[in-house]
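So this block is work-v1.cif, mmCIF, C-alpha atoms:
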data_work
#
loop_
_atom_site.label_atom_id
_atom_site.label_comp_id
_atom_site.auth_asym_id
_atom_site.auth_seq_id
_atom_site.Cartn_x
_atom_site.Cartn_y
_atom_site.Cartn_z
CA MET T 264 -16.22 -31.59 -7.17
CA ASN T 265 -15.86 -32.97 -10.69
CA THR T 266 -12.52 -34.06 -12.16
CA LYS T 267 -11.98 -30.85 -14.11
CA GLN T 268 -12.59 -28.71 -11.03
CA LYS T 269 -10.28 -30.94 -9.01
CA ILE T 270 -7.44 -30.60 -11.54
CA LEU T 271 -7.93 -26.84 -11.68
CA GLN T 272 -7.97 -26.41 -7.90
CA ILE T 273 -4.96 -28.59 -7.20
CA GLY T 274 -3.04 -27.20 -10.16
CA ALA T 275 -3.83 -23.63 -9.05
CA GLU T 276 -2.46 -24.37 -5.56
CA ILE T 277 0.81 -25.71 -6.95
CA ILE T 278 1.19 -22.86 -9.45
CA HIS T 279 0.45 -20.32 -6.70
CA LEU T 280 3.35 -21.69 -4.68
CA LYS T 281 5.90 -22.52 -7.39
CA GLY T 282 4.97 -20.51 -10.46
CA TYR T 283 3.58 -21.66 -13.80
CA ASN T 284 6.79 -22.63 -15.62
CA ALA T 285 8.23 -24.51 -12.66
CA THR T 286 5.07 -26.62 -12.33
CA GLY T 287 5.15 -29.77 -14.43
CA LEU T 288 2.05 -31.44 -15.79
CA GLN T 289 3.05 -34.73 -14.17
CA GLU T 290 3.23 -33.05 -10.76
CA ILE T 291 -0.34 -31.81 -11.13
CA LEU T 292 -1.59 -35.21 -12.29
CA SER T 293 0.09 -36.97 -9.37
CA ALA T 294 -1.20 -34.48 -6.80
CA ALA T 295 -4.73 -34.69 -8.22
CA ASN T 296 -4.44 -38.46 -8.68
CA VAL T 297 -5.69 -38.23 -12.24
CA PRO T 298 -4.31 -40.03 -15.35
CA LYS T 299 -2.93 -38.01 -18.25
CA GLY T 300 -5.74 -39.08 -20.57
CA SER T 301 -8.28 -37.59 -18.20
CA PHE T 302 -6.38 -34.29 -18.16
CA TYR T 303 -6.57 -34.13 -21.97
CA ASN T 304 -10.28 -34.81 -21.87
CA HIS T 305 -10.65 -31.47 -20.12
CA PHE T 306 -7.75 -29.36 -21.39
CA LYS T 307 -6.24 -29.06 -24.86
CA SER T 308 -2.72 -28.36 -23.56
CA LYS T 309 -0.78 -27.03 -20.57
CA GLU T 310 -1.39 -23.56 -22.01
CA ASP T 311 -5.13 -24.11 -22.18
CA PHE T 312 -4.99 -25.36 -18.59
CA GLY T 313 -2.93 -22.31 -17.52
CA LEU T 314 -5.45 -19.93 -19.07
CA GLN T 315 -8.28 -21.67 -17.20
CA VAL T 316 -6.25 -21.48 -13.97
CA ILE T 317 -6.20 -17.70 -14.43
CA ASP T 318 -10.01 -17.77 -14.59
CA PHE T 319 -9.97 -19.91 -11.46
CA PHE T 320 -7.86 -17.28 -9.66
CA SER T 321 -10.09 -14.45 -10.91
CA ASP T 322 -13.19 -16.26 -9.69
CA PHE T 323 -11.49 -16.84 -6.33
CA PHE T 324 -10.75 -13.11 -6.02
CA VAL T 325 -14.37 -12.12 -6.63
CA GLN T 326 -15.74 -14.86 -4.36
CA PHE T 327 -13.27 -13.99 -1.59
CA CYS T 328 -14.16 -10.31 -1.78
CA ASN T 329 -17.90 -10.98 -1.94
CA ASP T 330 -17.69 -13.26 1.11
CA ILE T 331 -15.79 -10.62 3.08
CA LEU T 332 -18.29 -7.93 2.15
CA GLU T 333 -21.33 -10.03 2.99
CA ASP T 334 -21.58 -8.55 6.48
CA ALA T 335 -19.63 -5.40 5.67
CA PRO T 336 -20.42 -1.94 6.98
CA ASN T 337 -22.42 0.39 4.75
CA SER T 338 -19.48 2.73 4.43
CA PRO T 339 -17.66 2.13 1.12
CA LEU T 340 -14.30 3.01 2.71
CA GLY T 341 -15.18 0.61 5.52
CA LYS T 342 -15.65 -2.05 2.84
CA LEU T 343 -12.26 -1.32 1.32
CA GLU T 344 -10.65 -1.53 4.74
CA LYS T 345 -12.39 -4.84 5.41
CA LEU T 346 -11.08 -6.21 2.10
CA LEU T 347 -7.48 -5.20 2.82
CA ASP T 348 -7.75 -6.67 6.32
CA GLY T 349 -9.26 -9.86 4.89
CA PHE T 350 -6.39 -10.29 2.46
CA MET T 351 -3.89 -9.63 5.26
CA GLU T 352 -5.49 -12.46 7.27
CA LEU T 353 -5.34 -14.71 4.23
CA PHE T 354 -1.61 -14.09 3.83
CA ASP T 355 -1.07 -14.45 7.55
CA SER T 356 -2.57 -17.95 7.21
CA LYS T 357 -0.02 -18.64 4.45
CA ALA T 358 2.92 -17.38 6.58
CA TYR T 359 3.33 -14.45 4.14
CA THR T 360 4.22 -16.62 1.17
CA CYS T 361 2.74 -17.02 -2.32
CA GLY T 362 1.54 -13.48 -3.04
CA CYS T 363 -1.17 -12.62 -5.56
CA PRO T 364 -1.54 -15.50 -8.02
CA VAL T 365 -2.62 -13.17 -10.83
CA GLY T 366 0.23 -10.73 -10.16
CA ASN T 367 2.73 -13.60 -10.06
CA PHE T 368 1.39 -15.03 -13.29
CA ALA T 369 1.50 -11.59 -14.98
CA GLN T 370 5.09 -11.06 -13.95
CA GLU T 371 6.12 -14.53 -15.04
CA MET T 372 4.23 -14.82 -18.34
CA GLY T 373 3.57 -11.22 -19.40
CA ASP T 374 6.62 -11.16 -21.66
CA LEU T 375 6.61 -14.78 -22.74
CA SER T 376 3.21 -15.31 -24.35
CA PRO T 377 0.79 -12.89 -26.06
CA VAL T 378 -2.15 -15.16 -25.18
CA PHE T 379 -1.29 -15.09 -21.47
CA GLN T 380 -0.49 -11.39 -21.68
CA GLU T 381 -3.99 -10.54 -22.91
CA LYS T 382 -5.70 -12.90 -20.47
CA LEU T 383 -3.73 -11.52 -17.51
CA SER T 384 -4.34 -7.93 -18.53
CA LYS T 385 -8.08 -8.63 -18.41
CA ALA T 386 -7.73 -10.45 -15.07
CA ILE T 387 -6.02 -7.40 -13.50
CA ASP T 388 -8.63 -5.13 -15.15
CA ALA T 389 -11.33 -7.11 -13.34
CA MET T 390 -9.61 -6.62 -9.97
CA VAL T 391 -9.27 -2.90 -10.70
CA ASP T 392 -12.95 -2.72 -11.67
CA TYR T 393 -13.95 -4.30 -8.34
CA TYR T 394 -12.05 -1.63 -6.42
CA THR T 395 -13.17 1.15 -8.77
CA SER T 396 -16.81 0.49 -7.99
CA ILE T 397 -16.11 0.72 -4.24
CA LEU T 398 -14.20 3.99 -4.70
CA THR T 399 -17.02 5.37 -6.86
CA GLU T 400 -19.48 4.45 -4.10
CA ALA T 401 -17.17 6.26 -1.64
CA GLN T 402 -17.34 9.36 -3.82
CA VAL T 403 -21.14 9.21 -3.97
CA ALA T 404 -21.19 8.83 -0.17
CA GLY T 405 -18.88 11.84 0.16
CA GLU T 406 -16.15 9.78 1.86
CA ILE T 407 -13.47 10.67 -0.66
CA SER T 408 -13.05 13.66 -2.94
CA SER T 409 -14.89 13.64 -6.24
CA ASP T 410 -11.76 15.15 -7.80
CA ILE T 411 -9.91 11.84 -7.64
CA ASP T 412 -10.17 9.55 -10.68
CA ALA T 413 -11.65 6.43 -9.09
CA LYS T 414 -10.35 4.04 -11.75
CA GLU T 415 -6.81 5.46 -11.71
CA ALA T 416 -6.82 5.38 -7.90
CA ALA T 417 -7.94 1.74 -8.04
CA ASN T 418 -5.11 1.02 -10.50
CA PHE T 419 -2.63 2.66 -8.16
CA ILE T 420 -3.97 0.80 -5.12
CA ILE T 421 -3.85 -2.60 -6.85
CA ALA T 422 -0.33 -1.90 -8.18
CA GLY T 423 0.83 -0.88 -4.69
CA TRP T 424 -0.70 -4.06 -3.34
CA HIS T 425 1.09 -6.25 -5.90
CA GLY T 426 4.39 -4.59 -5.05
CA ALA T 427 3.75 -4.88 -1.31
CA LEU T 428 3.17 -8.62 -1.80
CA ILE T 429 6.58 -8.97 -3.46
CA ARG T 430 8.14 -7.23 -0.44
CA MET T 431 6.08 -9.42 1.89
CA LYS T 432 7.46 -12.59 0.29
CA VAL T 433 11.07 -11.67 0.90
CA SER T 434 10.55 -10.09 4.33
CA ARG T 435 8.06 -12.81 5.45
CA SER T 436 6.21 -10.08 7.26
CA VAL T 437 2.87 -8.28 7.26
CA GLU T 438 4.58 -4.86 7.46
CA PRO T 439 4.53 -4.08 3.71
CA LEU T 440 0.78 -4.79 3.64
CA LYS T 441 0.15 -2.60 6.69
CA ASN T 442 2.25 0.15 5.14
CA HIS T 443 0.18 -0.13 1.97
CA LYS T 444 -3.05 0.23 3.91
CA ASN T 445 -1.70 3.20 5.86
CA PHE T 446 -0.69 5.12 2.74
CA VAL T 447 -3.87 4.23 0.86
CA PHE T 448 -6.13 5.51 3.62
CA ASN T 449 -4.07 8.34 5.07
CA TYR T 450 -2.53 9.77 1.92
CA VAL T 451 -3.97 8.54 -1.39
CA LEU T 452 -7.64 8.72 -0.44
CA LYS T 453 -7.39 11.57 2.05
CA SER T 454 -6.57 14.46 -0.27
CA MET R 162 35.43 -6.83 -19.57
CA ASN R 163 36.80 -9.97 -17.89
CA THR R 164 35.17 -13.39 -18.28
CA LYS R 165 33.34 -13.25 -14.96
CA GLN R 166 31.84 -9.84 -15.76
CA LYS R 167 30.87 -11.09 -19.20
CA ILE R 168 29.06 -14.14 -17.79
CA LEU R 169 27.29 -11.97 -15.21
CA GLN R 170 26.17 -9.36 -17.71
CA ILE R 171 24.92 -11.81 -20.33
CA GLY R 172 23.33 -14.05 -17.69
CA ALA R 173 21.61 -11.04 -16.12
CA GLU R 174 20.14 -10.03 -19.48
CA ILE R 175 18.70 -13.49 -20.09
CA ILE R 176 17.36 -13.79 -16.54
CA HIS R 177 15.80 -10.33 -16.79
CA LEU R 178 13.85 -11.45 -19.84
CA LYS R 179 12.99 -15.07 -18.96
CA GLY R 180 13.29 -15.39 -15.20
CA TYR R 181 15.82 -17.29 -13.11
CA ASN R 182 14.32 -20.79 -13.15
CA ALA R 183 13.57 -20.75 -16.87
CA THR R 184 17.18 -19.81 -17.67
CA GLY R 185 19.44 -22.83 -18.10
CA LEU R 186 23.15 -22.72 -17.40
CA GLN R 187 23.89 -24.02 -20.91
CA GLU R 188 21.96 -21.12 -22.42
CA ILE R 189 24.11 -18.62 -20.53
CA LEU R 190 27.34 -20.39 -21.49
CA SER R 191 26.34 -20.46 -25.17
CA ALA R 192 25.30 -16.80 -25.21
CA ALA R 193 28.51 -15.78 -23.43
CA ASN R 194 30.58 -18.17 -25.55
CA VAL R 195 32.26 -19.56 -22.45
CA PRO R 196 32.99 -23.25 -21.61
CA LYS R 197 31.42 -24.83 -18.54
CA GLY R 198 34.78 -25.19 -16.81
CA SER R 199 35.36 -21.47 -17.03
CA PHE R 200 31.95 -20.82 -15.42
CA TYR R 201 32.89 -23.01 -12.46
CA ASN R 202 36.17 -21.14 -12.08
CA HIS R 203 34.11 -18.10 -11.18
CA PHE R 204 30.91 -19.48 -9.61
CA LYS R 205 30.40 -22.38 -7.21
CA SER R 206 26.95 -23.24 -8.58
CA LYS R 207 23.94 -21.80 -10.42
CA GLU R 208 22.74 -20.52 -7.03
CA ASP R 209 26.05 -18.76 -6.36
CA PHE R 210 25.79 -17.25 -9.84
CA GLY R 211 22.16 -16.18 -9.21
CA LEU R 212 23.11 -14.44 -5.97
CA GLN R 213 25.86 -12.54 -7.78
CA VAL R 214 23.42 -11.59 -10.54
CA ILE R 215 21.31 -9.94 -7.83
CA ASP R 216 24.36 -7.86 -6.85
CA PHE R 217 24.82 -7.05 -10.53
CA PHE R 218 21.22 -5.78 -10.72
CA SER R 219 21.62 -3.78 -7.47
CA ASP R 220 24.78 -2.17 -8.79
CA PHE R 221 23.00 -1.37 -12.04
CA PHE R 222 20.19 0.36 -10.11
CA VAL R 223 22.59 2.59 -8.18
CA GLN R 224 24.70 3.37 -11.25
CA PHE R 225 21.61 4.12 -13.36
CA CYS R 226 20.22 6.46 -10.69
CA ASN R 227 23.58 8.18 -10.11
CA ASP R 228 23.99 8.76 -13.86
CA ILE R 229 20.52 10.27 -14.12
CA LEU R 230 21.12 12.55 -11.15
CA GLU R 231 24.52 13.74 -12.36
CA ASP R 232 23.03 16.83 -13.94
CA ALA R 233 19.87 16.85 -11.85
CA PRO R 234 18.18 19.94 -10.46
CA ASN R 235 18.93 20.94 -6.88
CA SER R 236 15.35 20.25 -5.87
CA PRO R 237 15.06 16.80 -4.24
CA LEU R 238 11.55 16.31 -5.66
CA GLY R 239 12.97 17.33 -9.03
CA LYS R 240 15.51 14.53 -8.60
CA LEU R 241 12.80 11.98 -7.83
CA GLU R 242 10.85 13.09 -10.89
CA LYS R 243 13.97 12.79 -13.05
CA LEU R 244 14.51 9.25 -11.74
CA LEU R 245 10.97 8.13 -12.51
CA ASP R 246 11.19 9.72 -15.97
CA GLY R 247 14.56 8.03 -16.53
CA PHE R 248 13.14 4.62 -15.68
CA MET R 249 10.15 5.27 -17.95
CA GLU R 250 12.56 5.98 -20.81
CA LEU R 251 14.46 2.81 -20.00
CA PHE R 252 11.29 0.72 -20.21
CA ASP R 253 10.20 2.55 -23.35
CA SER R 254 13.48 1.37 -24.90
CA LYS R 255 12.53 -2.18 -23.90
CA ALA R 256 9.01 -1.89 -25.40
CA TYR R 257 7.57 -2.13 -21.87
CA THR R 258 8.83 -5.63 -21.22
CA CYS R 259 11.05 -7.18 -18.52
CA GLY R 260 10.10 -5.08 -15.48
CA CYS R 261 12.33 -4.65 -12.43
CA PRO R 262 14.88 -7.48 -12.32
CA VAL R 263 15.04 -7.40 -8.52
CA GLY R 264 11.25 -7.35 -8.17
CA ASN R 265 10.93 -10.24 -10.63
CA PHE R 266 13.58 -12.23 -8.82
CA ALA R 267 11.91 -11.56 -5.44
CA GLN R 268 8.56 -12.73 -6.71
CA GLU R 269 10.02 -15.82 -8.33
CA MET R 270 12.45 -16.93 -5.62
CA GLY R 271 11.13 -15.33 -2.40
CA ASP R 272 9.26 -18.49 -1.43
CA LEU R 273 11.63 -21.04 -2.88
CA SER R 274 14.96 -20.36 -1.20
CA PRO R 275 15.86 -18.77 2.15
CA VAL R 276 19.25 -17.70 0.76
CA PHE R 277 17.65 -15.83 -2.14
CA GLN R 278 14.94 -14.49 0.15
CA GLU R 279 17.46 -12.78 2.41
CA LYS R 280 19.58 -11.51 -0.46
CA LEU R 281 16.55 -10.08 -2.27
CA SER R 282 15.19 -8.48 0.88
CA LYS R 283 18.47 -6.59 1.24
CA ALA R 284 18.44 -5.66 -2.46
CA ILE R 285 14.99 -4.08 -2.10
CA ASP R 286 16.10 -2.41 1.15
CA ALA R 287 18.91 -0.75 -0.79
CA MET R 288 16.48 0.62 -3.38
CA VAL R 289 14.25 1.90 -0.59
CA ASP R 290 17.26 3.54 1.11
CA TYR R 291 18.14 5.36 -2.10
CA TYR R 292 14.65 6.87 -2.31
CA THR R 293 14.48 7.49 1.45
CA SER R 294 17.52 9.74 1.30
CA ILE R 295 15.94 11.80 -1.50
CA LEU R 296 12.67 12.12 0.44
CA THR R 297 14.59 13.12 3.58
CA GLU R 298 16.37 15.79 1.54
CA ALA R 299 12.96 16.94 0.30
CA GLN R 300 11.80 17.31 3.90
CA VAL R 301 14.89 19.33 4.82
CA ALA R 302 14.24 21.53 1.78
CA GLY R 303 10.62 21.96 2.87
CA GLU R 304 9.27 20.39 -0.34
CA ILE R 305 7.26 17.72 1.46
CA SER R 306 5.74 17.59 4.92
CA SER R 307 7.99 16.60 7.78
CA ASP R 308 5.03 14.59 9.14
CA ILE R 309 5.48 11.90 6.52
CA ASP R 310 7.72 8.92 7.40
CA ALA R 311 10.30 9.16 4.61
CA LYS R 312 11.31 5.50 4.78
CA GLU R 313 7.73 4.21 4.79
CA ALA R 314 6.88 6.56 1.94
CA ALA R 315 9.88 5.21 0.02
CA ASN R 316 8.70 1.66 0.71
CA PHE R 317 5.23 2.55 -0.59
CA ILE R 318 6.65 4.26 -3.69
CA ILE R 319 8.93 1.32 -4.56
CA ALA R 320 6.11 -1.17 -3.98
CA GLY R 321 3.77 0.86 -6.20
CA TRP R 322 6.49 0.93 -8.83
CA HIS R 323 6.98 -2.84 -8.73
CA GLY R 324 3.23 -3.36 -9.10
CA ALA R 325 3.01 -0.80 -11.91
CA LEU R 326 5.75 -2.72 -13.75
CA ILE R 327 3.68 -5.91 -13.55
CA ARG R 328 0.73 -4.03 -15.06
CA MET R 329 3.06 -2.51 -17.67
CA LYS R 330 4.20 -5.96 -18.81
CA VAL R 331 0.70 -7.20 -19.55
CA SER R 332 -0.61 -3.93 -20.98
CA ARG R 333 2.64 -3.20 -22.92
CA SER R 334 2.07 0.43 -22.13
CA VAL R 335 3.61 3.30 -20.20
CA GLU R 336 0.26 4.20 -18.62
CA PRO R 337 0.74 2.29 -15.31
CA LEU R 338 4.10 4.06 -14.84
CA LYS R 339 2.58 7.48 -15.58
CA ASN R 340 -0.27 6.73 -13.21
CA HIS R 341 2.25 5.78 -10.50
CA LYS R 342 4.11 9.08 -10.97
CA ASN R 343 0.88 11.06 -10.88
CA PHE R 344 -0.28 9.53 -7.60
CA VAL R 345 3.16 9.73 -6.00
CA PHE R 346 3.52 13.44 -6.72
CA ASN R 347 -0.07 14.61 -6.51
CA TYR R 348 -1.35 12.49 -3.63
CA VAL R 349 1.28 10.63 -1.61
CA LEU R 350 3.80 13.45 -1.33
CA LYS R 351 1.35 16.34 -1.46
CA SER R 352 -0.39 15.94 1.87
#

Could you rewrite the structure in this file as structure tokens?
Amino acid sequence: MNTKQKILQIGAEIIHLKGYNATGLQEILSAANVPKGSFYNHFKSKEDFGLQVIDFFSDFFVQFCNDILEDAPNSPLGKLEKLLDGFMELFDSKAYTCGCPVGNFAQEMGDLSPVFQEKLSKAIDAMVDYYTSILTEAQVAGEISSDIDAKEAANFIIAGWHGALIRMKVSRSVEPLKNHKNFVFNYVLKS
Amino acid sequence: MNTKQKILQIGAEIIHLKGYNATGLQEILSAANVPKGSFYNHFKSKEDFGLQVIDFFSDFFVQFCNDILEDAPNSPLGKLEKLLDGFMELFDSKAYTCGCPVGNFAQEMGDLSPVFQEKLSKAIDAMVDYYTSILTEAQVAGEISSDIDAKEAANFIIAGWHGALIRMKVSRSVEPLKNHKNFVFNYVLKS
């Protein structure tokens, strides 16, 4: 891993746990064991770094989903279920802390910076697009009604997931995520 | 309004906009025009203050809902619709910024402090209870199926709302809130 990747990965981990504003540049440099000059060789500012961390999180999301779906069933709804289960396992491994890094970032920085706002809007769009394509596949396969708007359903599912993760953090429990899955499969997509 | 109420209200407004960690004590004192000594007459610490701000937000939620429902229709689902519309108007008046103060606080502090974690879990419980009682009424009135678990549905609806507010902040638009309402009424509660 090159220095830039190392700074991004370690910085992303700290930001995921503590939030962007609460994470100081010095903390990242110490954790990555990198001098300040080296940081500024790769990033123009903390803001520039933060924006690239959002790309890092977005890339992680796509890679994580792709890995899960590598040996997925052919059924599109089976794929969606496998994704939700995969994310539940991920949060189980984190003792139900942290939540979605993109959702956290959006909540923290959405009001405070137009540059972050636009970047985060696109990052959530990309997550919605990933789910939309699975729901569209499910419509083609006849697994869900063609009356449902796949993109709006994906928006609703991602929003419910972000909210369930907030509840998860304060209850330190998988229940909100299980409840989300139950309502998505047995109510939202069943009509 | 007494000094304590004044500090709570002004502090709550700043925290709602900027977040808890990014809000300094000095900033609150200056905005409220109150000396530091006076603050410590009413609050043991910033943490004590933060915990009381959460109560302030919870009280606001109940008061806001009660006010909206004062001249509400008899139909329980009509009440729920009036609540969601009322919150949409509230966020319209804030140009789609800020989001849910309790949700924001939970996301920011859920991992960082067990005291806040427990307090915020109860605050979200209280919001869920408010919606649960409306959904239970709707079941008694035969407006929604008695097969649905009212409390779990309320959990799902509140989670979806919290996630929609995150999306709202970065899109600066009412669309995520409208989409939430559409799916709640036409999918979740329609089965």

Please identify all polymer residues within 8 Å of range 337-342 of chain R, counting only C-alpha atoms, omitting same-chain residues fewer than 2 positions from it, and present them as an NGL selection string.
(:T and (415 or 418-419)) or (:R and (242 or 245 or 249 or 321-322 or 325-326 or 328-329 or 334-335 or 344-346))

Please check the contacts: residues of chain T at most 9 Å away from chain R, using all atoms listed in the file, listed as a PyMOL selection string.
chain T and resi 280-282+284-285+360-362+366-367+369-375+377+379-385+387+415-416+418-435+439+442-443+446-447+449-454

Evaluate the PyMOL selection byres ((chain T and resi 397) around 9) on the structure here and hand back the selected residues as an mmCIF file with C-alpha atoms, in the coordinates of the input.
data_model
loop_
_atom_site.group_PDB
_atom_site.id
_atom_site.type_symbol
_atom_site.label_atom_id
_atom_site.label_comp_id
_atom_site.auth_asym_id
_atom_site.auth_seq_id
_atom_site.Cartn_x
_atom_site.Cartn_y
_atom_site.Cartn_z
ATOM 1 C CA PRO T 339 -17.660 2.130 1.120
ATOM 2 C CA LEU T 340 -14.300 3.010 2.710
ATOM 3 C CA LYS T 342 -15.650 -2.050 2.840
ATOM 4 C CA LEU T 343 -12.260 -1.320 1.320
ATOM 5 C CA ASP T 392 -12.950 -2.720 -11.670
ATOM 6 C CA TYR T 393 -13.950 -4.300 -8.340
ATOM 7 C CA TYR T 394 -12.050 -1.630 -6.420
ATOM 8 C CA THR T 395 -13.170 1.150 -8.770
ATOM 9 C CA SER T 396 -16.810 0.490 -7.990
ATOM 10 C CA LEU T 398 -14.200 3.990 -4.700
ATOM 11 C CA THR T 399 -17.020 5.370 -6.860
ATOM 12 C CA GLU T 400 -19.480 4.450 -4.100
ATOM 13 C CA ALA T 401 -17.170 6.260 -1.640
ATOM 14 C CA GLN T 402 -17.340 9.360 -3.820
ATOM 15 C CA ALA T 413 -11.650 6.430 -9.090
#

Shell of 9 Å around Gly211 in chain R, all atoms listed in the file, local chain residues under 3 positions omitted, as a list in words:
Leu169, Gly172, Ala173, Tyr181, Ser206, Lys207, Glu208, Val214, Ile215, Asp216 and Phe277 of chain R

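The space between CA of Ala295 in chain T and CA of Lys269 in chain T spans 6.7 Å.
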
What is the distance between CA of Asp410 in chain T and CA of Ala386 in chain T, in Å to one decimal?
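Computed distance, CA of Asp410 in chain T to CA of Ala386 in chain T, equals 26.9 Å.
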
Distance in Å - CA of Asn304 in chain T versus CA of Val378 in chain T:
21.5 Å

Identify all residues satisfying the PyMOL selection byres ((chain R and resi 227) around 12) in the given file; provide them as a VMD selection string.
chain R and resid 220 to 226 228 to 233 240 to 241 243 to 244 247 291 to 292

What would range 272-283 of chain R look like with N, CA, C and O atoms in place, written as a compact mmCIF listing (two decimals), in the coordinates of the input?
# COMPACT_ATOMS: atom_id res chain seq x y z
N ASP R 272 9.81 -17.34 -2.17
CA ASP R 272 9.26 -18.49 -1.43
C ASP R 272 10.11 -19.73 -1.54
O ASP R 272 9.93 -20.69 -0.79
N LEU R 273 10.99 -19.77 -2.52
CA LEU R 273 11.63 -21.04 -2.88
C LEU R 273 13.00 -21.26 -2.25
O LEU R 273 13.49 -22.38 -2.24
N SER R 274 13.61 -20.21 -1.73
CA SER R 274 14.96 -20.36 -1.20
C SER R 274 15.25 -19.30 -0.15
O SER R 274 15.20 -18.11 -0.44
N PRO R 275 15.56 -19.74 1.08
CA PRO R 275 15.86 -18.77 2.15
C PRO R 275 17.08 -17.89 1.81
O PRO R 275 17.10 -16.73 2.18
N VAL R 276 18.06 -18.47 1.11
CA VAL R 276 19.25 -17.70 0.76
C VAL R 276 18.89 -16.55 -0.19
O VAL R 276 19.31 -15.40 -0.01
N PHE R 277 18.09 -16.87 -1.22
CA PHE R 277 17.65 -15.83 -2.14
C PHE R 277 16.73 -14.83 -1.43
O PHE R 277 16.79 -13.64 -1.68
N GLN R 278 15.88 -15.36 -0.56
CA GLN R 278 14.94 -14.49 0.15
C GLN R 278 15.69 -13.38 0.89
O GLN R 278 15.36 -12.19 0.75
N GLU R 279 16.71 -13.76 1.63
CA GLU R 279 17.46 -12.78 2.41
C GLU R 279 18.22 -11.81 1.50
O GLU R 279 18.23 -10.59 1.74
N LYS R 280 18.82 -12.35 0.48
CA LYS R 280 19.58 -11.51 -0.46
C LYS R 280 18.67 -10.49 -1.14
O LYS R 280 19.02 -9.32 -1.29
N LEU R 281 17.47 -10.96 -1.55
CA LEU R 281 16.55 -10.08 -2.27
C LEU R 281 15.93 -9.05 -1.34
O LEU R 281 15.65 -7.91 -1.75
N SER R 282 15.72 -9.44 -0.09
CA SER R 282 15.19 -8.48 0.88
C SER R 282 16.17 -7.32 1.03
O SER R 282 15.78 -6.14 1.00
N LYS R 283 17.45 -7.64 1.13
CA LYS R 283 18.47 -6.59 1.24
C LYS R 283 18.55 -5.75 -0.04
O LYS R 283 18.80 -4.54 0.02
